[in-house]
Amino acid sequence: MPSGKQILLAELQHLSQMRLTKQQLSDATERFRAGLLLQESTAASAWPTVERVAWIEQLEGIQGPGLIKENIYLADLVNALKNEANIPDAVKKRYPDISLRAYRSGLHVIWLLLTQLYYQDGLSSVENNGDLDKDEAEKLITGYIDKLKHYREDTEKHIGGSVESAESEI
């Protein structure tokens, strides 16, 4: 039997790589919600939570997870948080040693992961309808592992400036 995680990831992979009609968006919302419930083991709090989310198209040509009534992409919520000037008190209380840079870096990665769930018309030509060339993907991963090694050896030379200026972009 597949796990809730496997089902949810399969649905997300499928939905994020194809443009949907308005009717398909409705069907996608139901599949997305069902996948979330399967992943959460249907805790009592999960039901009202999944009713608040949907597969939305707030901007023409961009479809993905969002808040249904507010028509806000989930990635936009995280993006707003990562641009805050300060770490929220609840986070500081739980993780007193976290720096603002570490906090923003963590939220940036969460935002980056969330944005991968969105279908975008502008990126459809490079996504090959969801078909992944595994050999080419492996070459790219291996190449970037090598680039990470070079970055660690001489950070400023690798990124063409100081680490502080590069981190200020996050």
# chains A, B, ... in the order shown; residues from 1 in each chain; ligands from 1

$ residues_around --residues "Asp131 of chain A" --least-positions-apart "4" --cutoff "12 Å" --atoms "only C-alpha atoms" --output "PyMOL selection string"
chain A and resi 13-14+17-18+124-127+136-137

$ residues_around --residues "Leu123 of chain A" --least-positions-apart "2" --cutoff "12 Å" --atoms "only C-alpha atoms" --output "ChimeraX atom specification"
/A:16-19,61-63,116,118-121,125-130

$ write_last_selection --atoms "C-alpha atoms" --output "PDB file, in the first residue's frame"
ATOM      1  CA  SER A  16       2.813  21.121 -11.042  1.00  0.00           C
ATOM      2  CA  GLN A  17       3.779  20.190 -14.592  1.00  0.00           C
ATOM      3  CA  MET A  18       0.597  20.769 -16.561  1.00  0.00           C
ATOM      4  CA  ARG A  19      -1.777  23.636 -17.278  1.00  0.00           C
ATOM      5  CA  GLY A  61      -0.590  31.185 -16.355  1.00  0.00           C
ATOM      6  CA  ILE A  62       0.520  30.391 -12.786  1.00  0.00           C
ATOM      7  CA  GLN A  63      -1.299  27.596 -10.978  1.00  0.00           C
ATOM      8  CA  GLN A 116       8.463  24.222  -7.417  1.00  0.00           C
ATOM      9  CA  TYR A 118       3.550  25.819  -9.246  1.00  0.00           C
ATOM     10  CA  TYR A 119       2.886  25.325 -12.923  1.00  0.00           C
ATOM     11  CA  GLN A 120       3.998  28.364 -14.911  1.00  0.00           C
ATOM     12  CA  ASP A 121       3.285  28.847 -18.614  1.00  0.00           C
ATOM     13  CA  SER A 125       8.915  24.586 -22.581  1.00  0.00           C
ATOM     14  CA  VAL A 126      11.809  23.408 -20.378  1.00  0.00           C
ATOM     15  CA  GLU A 127       9.777  20.954 -18.320  1.00  0.00           C
ATOM     16  CA  ASN A 128       9.084  18.573 -21.233  1.00  0.00           C
ATOM     17  CA  ASN A 129       5.554  17.781 -20.007  1.00  0.00           C
ATOM     18  CA  GLY A 130       7.011  16.264 -16.845  1.00  0.00           C
TER      19      GLY A 130
END

$ atom_distance --atom1 "atom CA of Asp76 of chain A" --atom2 "atom CA of Leu132 of chain A"
27.2 Å

$ select_by_dssp --residues "segment 11-161 of chain A" --states "alpha helix (DSSP H)" --output "PyMOL selection string"
chain A and resi 11-15+22-39+46-51+74-82+89-94+100-115+134-153+155-159

$ select_by_dssp --residues "segment 17-160 of chain A" --states "strand (DSSP E)" --output "list of chain:residue names"
A:Val53, A:Ala54, A:Trp55, A:Ile56, A:Glu57, A:Gln58, A:Leu59, A:Ile62, A:Gln63, A:Gly64, A:Pro65, A:Gly66, A:Leu67, A:Ile72, A:Tyr73, A:Tyr119, A:Gln120

$ residues_around --residues "Lys69 of chain A" --least-positions-apart "5" --cutoff "10 Å" --atoms "only C-alpha atoms" --output "JSON, numbers by chain"
{"A": [51, 52, 53, 54]}

$ closest_residue --among "A:Asn79, A:Gln39, A:Ser105, A:Gln58" --to "Ile7 of chain A" --atoms "only C-alpha atoms"
A:Gln39

$ atom_distance --atom1 "atom CA of Ala34 of chain A" --atom2 "atom CA of Lys82 of chain A"
28.9 Å

$ atom_distance --atom1 "atom CA of Arg152 of chain A" --atom2 "atom CA of Leu140 of chain A"
18.4 Å

$ closest_residue --among "A:Ala28, A:Val78, A:Ile68, A:Ile110" --to "Glu11 of chain A" --atoms "only C-alpha atoms"
A:Ala28
